[in-house]
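Enquirer: Can you keep this structure in mind? I'll have questions shortly.
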Amino acid sequence: MKSRSIQARAGAAILQSVPIILLATGTVCLLLFALDFSPIAIIRAMAAGSLTSWLKFSQLLSIWVPLLLCSCGLLFTFRAGLWNIGIEGQVVMGAIGATILLRMNPGFLPPPITIIAAMAAACIGGSLWGLLAGILKSRGGVNEIFGGLGLNFVAQGIILYLIFGPWKRAGIASMSGTDIFARNLWLPTPVGWRVAPAALITAIAVFILSRLFLNHTRFGLKVKAVGLNPEASRLFHIHADRYGLFAIMVGGALAGLAGGLQVTGVYHRLIPSISSGYGYLGLLVVMLANYKSLPVPLITLFFAWLAAGSIQLPIMLRIDSSLSGVIQGACVLSALLVHGLRTRRQG
Amino acid sequence: MIQLVNIHKTFGKVKALQGVNLHVRPGSIHGIIGENGAGKSTLMKILTGFIARTSGSILLDGREVALKTPEAARKLGIGMLYQEPLDFPKLSVLDNFMAAAADTNPQRQAEIITRLSNKFGFTLNPSSRQGKLTVGERQQVELMRLIRDQCRILILDEPTTGISGEQQKLLFGTLRRLRDEGKAIILVSHKLAEIHSLCDRVTILRHGKPAGEQEKPFNEEQLLQAMFAALPTRSSRPPRRTPGKPILTMEEVSTTAGRVGLDRINTTIHEGEIVGLAGLDGSGQSIFLQMAYGLLSPEQGRVSLPDADVEDVMRVFLPADRLGKGLIAGLTVREHQLLAGATPFFIHSGCGRDETKKAINTFSIIGTPDTMAEGLSGGNQQRLLLSLIPPQARLILLEHPTRGLDLQSGRWTWHYLRSHLPDNGAIIFASPELDDIMEQADRVLVFYNGAIILDRPTDQTGYREVSRAITGRV
């Protein structure tokens, strides 16, 4: 038997998602009808808010970048059978790692090198935070869900302490964050763009490499084996703990990179809500993708559209922008329900 | 009191019970014995309403009963004491005792515990946590619960497994007392000593069929003969290899893992040996294999592999639970081959495909390189596991190597294992089939309650000695 081509698999995946899309759309439409809103008007408003100009679309892409990075990181941890709830904290620690470098701004280095070093620091910050959750699990027996959740609060505490303490703005400390970095430490963004091309390229490259690594390397296969059956993996001479730690460190590094890019490419300073919930949203993305990598860029694009477009809702239709969250939730619940029913029928 | 007439039970094609009759009288202890897979558990599950019989009738006090659910069995006064205590370890003894009681007044229930404890000589504190008790004490709580619920027919499944000698004495006293009070007691056991000291009557099952019945006093020879099928002619047995240097040594190895743990195991396995581990399921064979592979570490004593080579890649273990512990559900046949073999860092879709096809042909696996492990039948899962054994493997540990295989595949498996075992290698396997061990092993170790009670070259022992040892007689 020949291995199925990528087109055939993509086709099957699209076919499989039809019931999910129908269910999700149906649920959301019913909800909107019940609230007396027209779905068409909402779609139109959301499209107007995000798809009518390159500026607006690049705004959408600036949401897509961190969401795609977080989702790629989560592909690693889910593949290893881990629920990396701590991803939010990993984004935050990545942002802090980048800020340390950017604030130091060593003059002897050319700015592009400083930015690259800051991104490396972001990866290290995120992966160490991930490693911490991993060690709590493998050495301390703390489930990674609870460990990660706890570490999220710790990370939030650290970022607030830094912003209101050592890194406070000259004179005043405020929720608006630290001082803005020197302009030459911003990721270059052309006029008329809302997203740095370098960030965009990084995210796409990370996705391609993640997919290659997970699906086409011996390492990726071992991570998968550990995720599916840690006990049997031992008989294949695979150390389940080590591969688990490796996966959560890669996941943390990618989440950290997302945080670093937010700092240097979007906000140009460290702000308390630097993660913007992209980590949690990434969990939904990967669940909606049924833990497969191929649909992730599309789903993240869709979610980014919902997030970007919904900003227009209060202005145009006087609906709260949290509607995008409702739609995202409906999609994920529909997907889980359809997958669950499918597994049950097969089992 | 209870009478089973011509009971049949089939699971798909498998005939688990064929024409079993059983008549248990009130005020008697009735033993049921048989080797692994004789149908004892199936019969008990039918009696307690967990599974339905395919045909046959059950008469209680002369009236036919349906016994369709565990609830129905309980209402008729049929109670069972399981091998593993079915209780709530995190709750107190009193809470456990009250569970499912009609009356849940703690004070009254505590009084009942005290009364029953005094009567039978148990020393249980109602407020201690169930999980802190020994297996024997947990059994006592369950037993008292059954007595409180007016159970008239009491079924015990291997009740002395994992309990102390003192507790065993108490249990036997209690059972005799309950018998004298007129209850009907069914004792499932493989320990002949127990049968001798407790039972009034015994029924022997073999391969799902009744193989004999005896009144007290029992004739042990006849019991053993009825339990174990006659030894088939040993024509095809390959010649024994000459044992070489030690490959695995255990000194005073003890552990509490598993149901009975391991009790001071001292043994040395040599290069060239094929060693069969006999004994009733769960008598320590599986723990021994896991210890030999390094999945478990001994609590006391030492496991050593004199040759450092063996430690790394040359040890393989094929567990009985093939899909749960040996293979990885969700990975394909080819992915298993890739994991087991020398695989380059980058894997493209053609990687390992030819090798996998070769393995599929060599091992006659019914499947394709892209079949998921869980999509293979049990026999094919075993073939896949066999195909993953690296050619340089020197210590091969197998749990139930031919389970689920037809006769031909079983023979093929052994032929393959023998012909691919290097001269400096050894095979240790556990099997519930005595035939398998007598036919394939050069040496047999019999496990009983976590200890090795018989260690003999197979050509210097016989069916009789081994089967006696399985039931605890040496």
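By convention in this document, the chains of the structure tokens carry letters A, B, ... by their order, each chain's residues are numbered from 1, and ligands are numbered from 1 in the order they are shown.
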Can you list every residue of chain B that has an atom at most 6 Å from chain A, with its nearest atom pair and the distance in Å to one decimal, using only C-alpha atoms, ordered by chain then number, as JSON lines?

Expert:
{"residue": "B:Lys325", "atom": "CA", "partner": "A:Ala232", "partner_atom": "CA", "distance": 4.7}
{"residue": "B:Gly326", "atom": "CA", "partner": "A:Ala232", "partner_atom": "CA", "distance": 4.9}
{"residue": "B:Leu327", "atom": "CA", "partner": "A:Ala232", "partner_atom": "CA", "distance": 5.9}
{"residue": "B:Ile328", "atom": "CA", "partner": "A:Asn229", "partner_atom": "CA", "distance": 5.6}
{"residue": "B:Phe345", "atom": "CA", "partner": "A:Arg218", "partner_atom": "CA", "distance": 5.1}
{"residue": "B:Phe346", "atom": "CA", "partner": "A:Thr217", "partner_atom": "CA", "distance": 4.4}
{"residue": "B:Ile347", "atom": "CA", "partner": "A:His216", "partner_atom": "CA", "distance": 4.7}
{"residue": "B:His348", "atom": "CA", "partner": "A:His216", "partner_atom": "CA", "distance": 6.0}

Enquirer: Quick one: everything within 9 Å of A:Met175, counting only C-alpha atoms, minus sequence neighbours fewer than 2 positions away in the same chain. Send it as a ChimeraX atom specification.

Expert: /A:160,163-164,173,177-178,271-273

Enquirer: So that I have them on file, write out the residues from the current selection with N, CA, C and O atoms, as an mmCIF file, in the first residue's frame.

Expert:
data_model
loop_
_atom_site.group_PDB
_atom_site.id
_atom_site.type_symbol
_atom_site.label_atom_id
_atom_site.label_comp_id
_atom_site.auth_asym_id
_atom_site.auth_seq_id
_atom_site.Cartn_x
_atom_site.Cartn_y
_atom_site.Cartn_z
ATOM 1 N N LEU A 160 4.318 41.647 37.148
ATOM 2 C CA LEU A 160 3.768 42.827 37.829
ATOM 3 C C LEU A 160 4.828 43.449 38.730
ATOM 4 O O LEU A 160 4.990 44.671 38.774
ATOM 5 N N ILE A 163 7.269 45.382 36.556
ATOM 6 C CA ILE A 163 6.732 46.600 35.959
ATOM 7 C C ILE A 163 6.498 47.679 37.020
ATOM 8 O O ILE A 163 6.695 48.861 36.778
ATOM 9 N N PHE A 164 6.095 47.227 38.222
ATOM 10 C CA PHE A 164 5.831 48.210 39.265
ATOM 11 C C PHE A 164 7.039 48.429 40.168
ATOM 12 O O PHE A 164 7.050 49.295 41.008
ATOM 13 N N ALA A 173 4.874 54.421 38.199
ATOM 14 C CA ALA A 173 4.647 53.030 37.840
ATOM 15 C C ALA A 173 3.206 52.903 37.404
ATOM 16 O O ALA A 173 2.324 53.437 38.045
ATOM 17 N N GLY A 177 2.826 49.725 31.580
ATOM 18 C CA GLY A 177 4.051 48.983 31.296
ATOM 19 C C GLY A 177 5.331 49.756 31.525
ATOM 20 O O GLY A 177 5.341 50.822 32.156
ATOM 21 N N THR A 178 6.421 49.189 30.999
ATOM 22 C CA THR A 178 7.738 49.796 31.183
ATOM 23 C C THR A 178 7.936 50.936 30.186
ATOM 24 O O THR A 178 7.075 51.188 29.335
ATOM 25 N N ILE A 271 4.368 44.924 28.901
ATOM 26 C CA ILE A 271 3.107 45.314 29.555
ATOM 27 C C ILE A 271 2.590 44.123 30.368
ATOM 28 O O ILE A 271 2.958 42.976 30.093
ATOM 29 N N PRO A 272 1.760 44.386 31.393
ATOM 30 C CA PRO A 272 1.322 43.289 32.265
ATOM 31 C C PRO A 272 0.571 42.191 31.509
ATOM 32 O O PRO A 272 0.721 41.015 31.800
ATOM 33 N N SER A 273 -0.231 42.585 30.517
ATOM 34 C CA SER A 273 -1.045 41.567 29.831
ATOM 35 C C SER A 273 -0.373 41.139 28.533
ATOM 36 O O SER A 273 -1.023 40.962 27.512
#

Enquirer: For the atom pair atom CA of B:Arg383 and atom CA of B:Leu417, what is the interatomic distance in Å to one decimal place?

Expert: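 Computing it gives 11.4 Å between the two atoms.
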
Enquirer: List the neighbours of B:Ile470 out to 12 Å using only C-alpha atoms; skip same-chain residues closer than 4 positions along the sequence, and give me the result as a PyMOL selection string.

Expert: chain B and resi 34-36+189-193+224+227-228+277-285+432-434+444-455+463-466+474

Enquirer: Please produce a file of those selected residues containing N, CA and C atoms, as a short mmCIF file (atom, residue, chain, number, x, y, z; two decimals), in the first residue's frame.

Expert:
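Saved file result-v9.cif follows:
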data_model
loop_
_atom_site.label_atom_id
_atom_site.label_comp_id
_atom_site.auth_asym_id
_atom_site.auth_seq_id
_atom_site.Cartn_x
_atom_site.Cartn_y
_atom_site.Cartn_z
N GLY B 34 -8.91 -26.32 39.52
CA GLY B 34 -8.60 -26.42 38.10
C GLY B 34 -7.44 -25.51 37.80
N GLU B 35 -6.74 -25.80 36.71
CA GLU B 35 -5.58 -24.97 36.38
C GLU B 35 -6.04 -23.69 35.70
N ASN B 36 -5.07 -22.87 35.24
CA ASN B 36 -5.40 -21.61 34.56
C ASN B 36 -6.33 -21.86 33.38
N SER B 189 -9.98 -22.52 44.51
CA SER B 189 -8.60 -22.51 44.97
C SER B 189 -7.75 -23.42 44.10
N HIS B 190 -6.45 -23.20 44.14
CA HIS B 190 -5.57 -24.14 43.46
C HIS B 190 -4.63 -24.78 44.47
N LYS B 191 -4.86 -24.45 45.76
CA LYS B 191 -3.98 -24.96 46.80
C LYS B 191 -4.57 -26.22 47.42
N LEU B 192 -3.91 -27.33 47.20
CA LEU B 192 -4.48 -28.59 47.65
C LEU B 192 -4.58 -28.68 49.17
N ALA B 193 -3.63 -28.06 49.87
CA ALA B 193 -3.65 -28.10 51.33
C ALA B 193 -4.94 -27.49 51.86
N LEU B 224 -5.05 -34.55 41.15
CA LEU B 224 -4.03 -33.99 40.26
C LEU B 224 -4.22 -34.47 38.83
N MET B 227 -7.01 -32.63 37.30
CA MET B 227 -6.75 -31.21 37.06
C MET B 227 -5.94 -30.98 35.79
N PHE B 228 -4.91 -31.79 35.61
CA PHE B 228 -3.99 -31.54 34.50
C PHE B 228 -4.18 -32.59 33.41
N LEU B 277 8.75 -20.61 33.31
CA LEU B 277 8.26 -20.27 34.63
C LEU B 277 6.84 -20.79 34.75
N ALA B 278 6.62 -21.73 35.66
CA ALA B 278 5.29 -22.29 35.82
C ALA B 278 4.68 -21.77 37.11
N GLY B 279 3.41 -22.01 37.28
CA GLY B 279 2.73 -21.56 38.48
C GLY B 279 1.39 -20.98 38.11
N LEU B 280 0.51 -20.86 39.10
CA LEU B 280 -0.77 -20.26 38.81
C LEU B 280 -0.54 -18.78 38.49
N ASP B 281 -1.39 -18.21 37.63
CA ASP B 281 -1.26 -16.80 37.28
C ASP B 281 -1.08 -15.96 38.54
N GLY B 282 -0.11 -15.03 38.48
CA GLY B 282 0.06 -14.12 39.61
C GLY B 282 0.77 -14.71 40.79
N SER B 283 1.54 -15.77 40.59
CA SER B 283 2.29 -16.33 41.71
C SER B 283 3.71 -15.77 41.78
N GLY B 284 4.00 -14.78 40.94
CA GLY B 284 5.31 -14.13 40.99
C GLY B 284 6.07 -14.19 39.67
N GLN B 285 5.58 -14.96 38.70
CA GLN B 285 6.32 -15.12 37.44
C GLN B 285 6.48 -13.78 36.72
N PRO B 432 1.01 -20.11 31.16
CA PRO B 432 0.00 -20.80 31.95
C PRO B 432 -0.22 -22.22 31.44
N GLU B 433 0.33 -22.53 30.27
CA GLU B 433 0.15 -23.86 29.70
C GLU B 433 1.31 -24.75 30.11
N LEU B 434 1.03 -25.76 30.88
CA LEU B 434 2.08 -26.64 31.33
C LEU B 434 2.71 -27.38 30.14
N VAL B 444 12.67 -25.86 34.37
CA VAL B 444 11.43 -25.27 34.83
C VAL B 444 11.60 -24.73 36.24
N LEU B 445 11.07 -23.50 36.45
CA LEU B 445 11.01 -22.94 37.79
C LEU B 445 9.53 -22.83 38.14
N VAL B 446 9.14 -23.43 39.26
CA VAL B 446 7.73 -23.35 39.64
C VAL B 446 7.57 -22.30 40.74
N PHE B 447 6.66 -21.35 40.48
CA PHE B 447 6.39 -20.28 41.45
C PHE B 447 5.16 -20.62 42.27
N TYR B 448 5.27 -20.36 43.55
CA TYR B 448 4.12 -20.56 44.44
C TYR B 448 4.21 -19.47 45.49
N ASN B 449 3.17 -18.62 45.56
CA ASN B 449 3.17 -17.53 46.54
C ASN B 449 4.42 -16.65 46.50
N GLY B 450 4.93 -16.39 45.32
CA GLY B 450 6.08 -15.49 45.21
C GLY B 450 7.43 -16.13 45.43
N ALA B 451 7.45 -17.42 45.68
CA ALA B 451 8.73 -18.10 45.88
C ALA B 451 8.91 -19.17 44.82
N ILE B 452 10.18 -19.53 44.55
CA ILE B 452 10.43 -20.64 43.63
C ILE B 452 10.45 -21.90 44.48
N ILE B 453 9.48 -22.79 44.28
CA ILE B 453 9.47 -23.97 45.14
C ILE B 453 9.97 -25.22 44.42
N LEU B 454 10.22 -25.09 43.11
CA LEU B 454 10.79 -26.23 42.40
C LEU B 454 11.65 -25.69 41.27
N ASP B 455 12.86 -26.23 41.13
CA ASP B 455 13.78 -25.81 40.08
C ASP B 455 14.44 -27.08 39.54
N TYR B 463 5.44 -34.29 34.58
CA TYR B 463 4.18 -33.60 34.74
C TYR B 463 3.70 -33.62 36.18
N ARG B 464 3.86 -34.79 36.78
CA ARG B 464 3.29 -34.98 38.11
C ARG B 464 3.96 -34.06 39.13
N GLU B 465 5.30 -34.07 39.10
CA GLU B 465 6.02 -33.27 40.08
C GLU B 465 5.73 -31.79 39.89
N VAL B 466 5.73 -31.36 38.63
CA VAL B 466 5.50 -29.94 38.37
C VAL B 466 4.09 -29.54 38.76
N VAL B 474 5.57 -30.00 47.48
CA VAL B 474 6.86 -30.48 46.97
C VAL B 474 7.39 -31.59 47.87
#

Enquirer: Please provide as a ChimeraX atom specification all residues within 6 Å of A:Trp64, with the sequence filter that same-chain residues fewer than 4 positions apart are discarded (counting only C-alpha atoms).

Expert: /A:68,301,304

Enquirer: Quick check for you: according to DSSP on this backbone, which residues of stretch 11-161 of chain A are classed as helix (DSSP H, G or I)? Reply as a PyMOL selection string.

Expert: chain A and resi 11-34+39-50+54-79+87-104+111-138+144-161

Enquirer: So that I have them on file, write out the residues from the current selection with C-alpha atoms, as a compact mmCIF listing (two decimals), in the first residue's frame.

Expert:
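See selection36.txt below for the written result:
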# COMPACT_ATOMS: atom_id res chain seq x y z
CA GLY A 11 -9.00 16.25 1.66
CA ALA A 12 -9.98 13.71 4.28
CA ALA A 13 -9.35 16.23 7.04
CA ILE A 14 -11.58 18.79 5.33
CA LEU A 15 -14.29 16.20 4.84
CA GLN A 16 -14.05 15.24 8.50
CA SER A 17 -14.44 18.83 9.61
CA VAL A 18 -17.71 19.37 7.73
CA PRO A 19 -19.92 18.15 10.62
CA ILE A 20 -17.89 20.24 13.06
CA ILE A 21 -18.34 23.39 11.00
CA LEU A 22 -22.06 22.74 10.54
CA LEU A 23 -22.57 22.12 14.24
CA ALA A 24 -20.55 25.16 15.31
CA THR A 25 -22.24 27.45 12.78
CA GLY A 26 -25.64 26.13 13.75
CA THR A 27 -25.03 26.69 17.44
CA VAL A 28 -23.72 30.20 16.99
CA CYS A 29 -26.54 31.18 14.61
CA LEU A 30 -29.15 29.88 17.03
CA LEU A 31 -27.53 31.88 19.80
CA LEU A 32 -27.49 35.02 17.67
CA PHE A 33 -31.11 34.56 16.61
CA ALA A 34 -32.07 34.14 20.24
CA PRO A 39 -25.46 36.54 11.66
CA ILE A 40 -24.98 38.07 8.21
CA ALA A 41 -24.63 41.56 9.64
CA ILE A 42 -22.09 40.30 12.13
CA ILE A 43 -20.01 38.52 9.52
CA ARG A 44 -20.11 41.64 7.40
CA ALA A 45 -19.01 43.82 10.28
CA MET A 46 -16.21 41.45 11.19
CA ALA A 47 -15.03 41.25 7.62
CA ALA A 48 -15.10 45.03 7.36
CA GLY A 49 -12.96 45.19 10.47
CA SER A 50 -10.24 42.89 9.19
CA TRP A 54 -3.93 45.47 3.86
CA LEU A 55 -3.52 47.55 7.01
CA LYS A 56 -6.47 45.76 8.60
CA PHE A 57 -5.36 42.38 7.34
CA SER A 58 -1.84 42.93 8.65
CA GLN A 59 -3.44 43.72 12.01
CA LEU A 60 -5.03 40.27 11.78
CA LEU A 61 -1.65 38.77 10.95
CA SER A 62 -0.11 40.38 14.02
CA ILE A 63 -2.52 38.27 16.08
CA TRP A 64 -1.87 35.23 13.90
CA VAL A 65 1.89 35.26 14.63
CA PRO A 66 1.85 34.70 18.43
CA LEU A 67 -1.16 32.39 18.17
CA LEU A 68 0.57 30.22 15.59
CA LEU A 69 3.77 30.10 17.66
CA CYS A 70 1.89 29.08 20.82
CA SER A 71 -0.07 26.46 18.89
CA CYS A 72 3.15 25.00 17.45
CA GLY A 73 4.59 24.75 20.94
CA LEU A 74 1.45 22.99 22.12
CA LEU A 75 1.69 20.50 19.24
CA PHE A 76 4.91 19.30 20.86
CA THR A 77 3.48 18.95 24.35
CA PHE A 78 0.24 17.35 23.21
CA ARG A 79 2.26 14.92 21.10
CA ILE A 87 1.93 27.98 28.34
CA GLU A 88 0.62 31.40 29.43
CA GLY A 89 3.39 31.67 32.00
CA GLN A 90 5.89 30.56 29.39
CA VAL A 91 4.80 33.42 27.10
CA VAL A 92 5.23 35.84 29.99
CA MET A 93 8.68 34.53 30.93
CA GLY A 94 9.74 34.75 27.28
CA ALA A 95 8.64 38.39 27.19
CA ILE A 96 10.60 39.05 30.39
CA GLY A 97 13.67 37.29 29.00
CA ALA A 98 13.58 39.46 25.88
CA THR A 99 13.03 42.61 27.93
CA ILE A 100 16.10 41.93 30.05
CA LEU A 101 18.26 41.94 26.91
CA LEU A 102 16.49 44.88 25.29
CA ARG A 103 16.76 47.01 28.45
CA MET A 104 20.45 46.25 28.77
CA PRO A 111 20.82 46.52 17.15
CA PRO A 112 19.81 43.56 14.92
CA ILE A 113 22.14 41.32 16.89
CA THR A 114 20.66 42.61 20.14
CA ILE A 115 17.18 41.78 18.87
CA ILE A 116 18.26 38.28 17.89
CA ALA A 117 19.89 37.81 21.28
CA ALA A 118 16.68 39.03 22.89
CA MET A 119 14.69 36.42 20.96
CA ALA A 120 17.11 33.76 22.12
CA ALA A 121 16.63 34.99 25.68
CA ALA A 122 12.87 34.79 25.15
CA CYS A 123 13.17 31.14 24.06
CA ILE A 124 15.36 30.34 27.05
CA GLY A 125 12.99 32.09 29.48
CA GLY A 126 9.98 30.20 28.13
CA SER A 127 11.71 26.84 27.98
CA LEU A 128 13.08 27.11 31.52
CA TRP A 129 9.58 27.91 32.76
CA GLY A 130 8.33 24.87 30.88
CA LEU A 131 11.15 22.77 32.28
CA LEU A 132 10.11 23.79 35.78
CA ALA A 133 6.59 22.42 35.21
CA GLY A 134 8.14 19.30 33.67
CA ILE A 135 10.45 18.68 36.62
CA LEU A 136 7.59 19.26 39.05
CA LYS A 137 5.83 16.45 37.22
CA SER A 138 8.64 13.96 36.72
CA GLU A 144 1.54 19.30 34.69
CA ILE A 145 -1.92 20.86 34.57
CA PHE A 146 -1.78 22.02 38.18
CA GLY A 147 1.93 22.79 38.08
CA GLY A 148 1.47 24.85 34.94
CA LEU A 149 -1.55 26.67 36.33
CA GLY A 150 0.36 27.53 39.50
CA LEU A 151 3.38 28.71 37.52
CA ASN A 152 1.11 30.95 35.42
CA PHE A 153 0.17 32.86 38.55
CA VAL A 154 3.79 33.05 39.63
CA ALA A 155 4.80 34.42 36.21
CA GLN A 156 2.02 36.99 36.41
CA GLY A 157 3.30 38.00 39.85
CA ILE A 158 6.84 38.36 38.56
CA ILE A 159 5.84 40.53 35.61
CA LEU A 160 3.77 42.83 37.83
CA TYR A 161 6.61 43.09 40.31
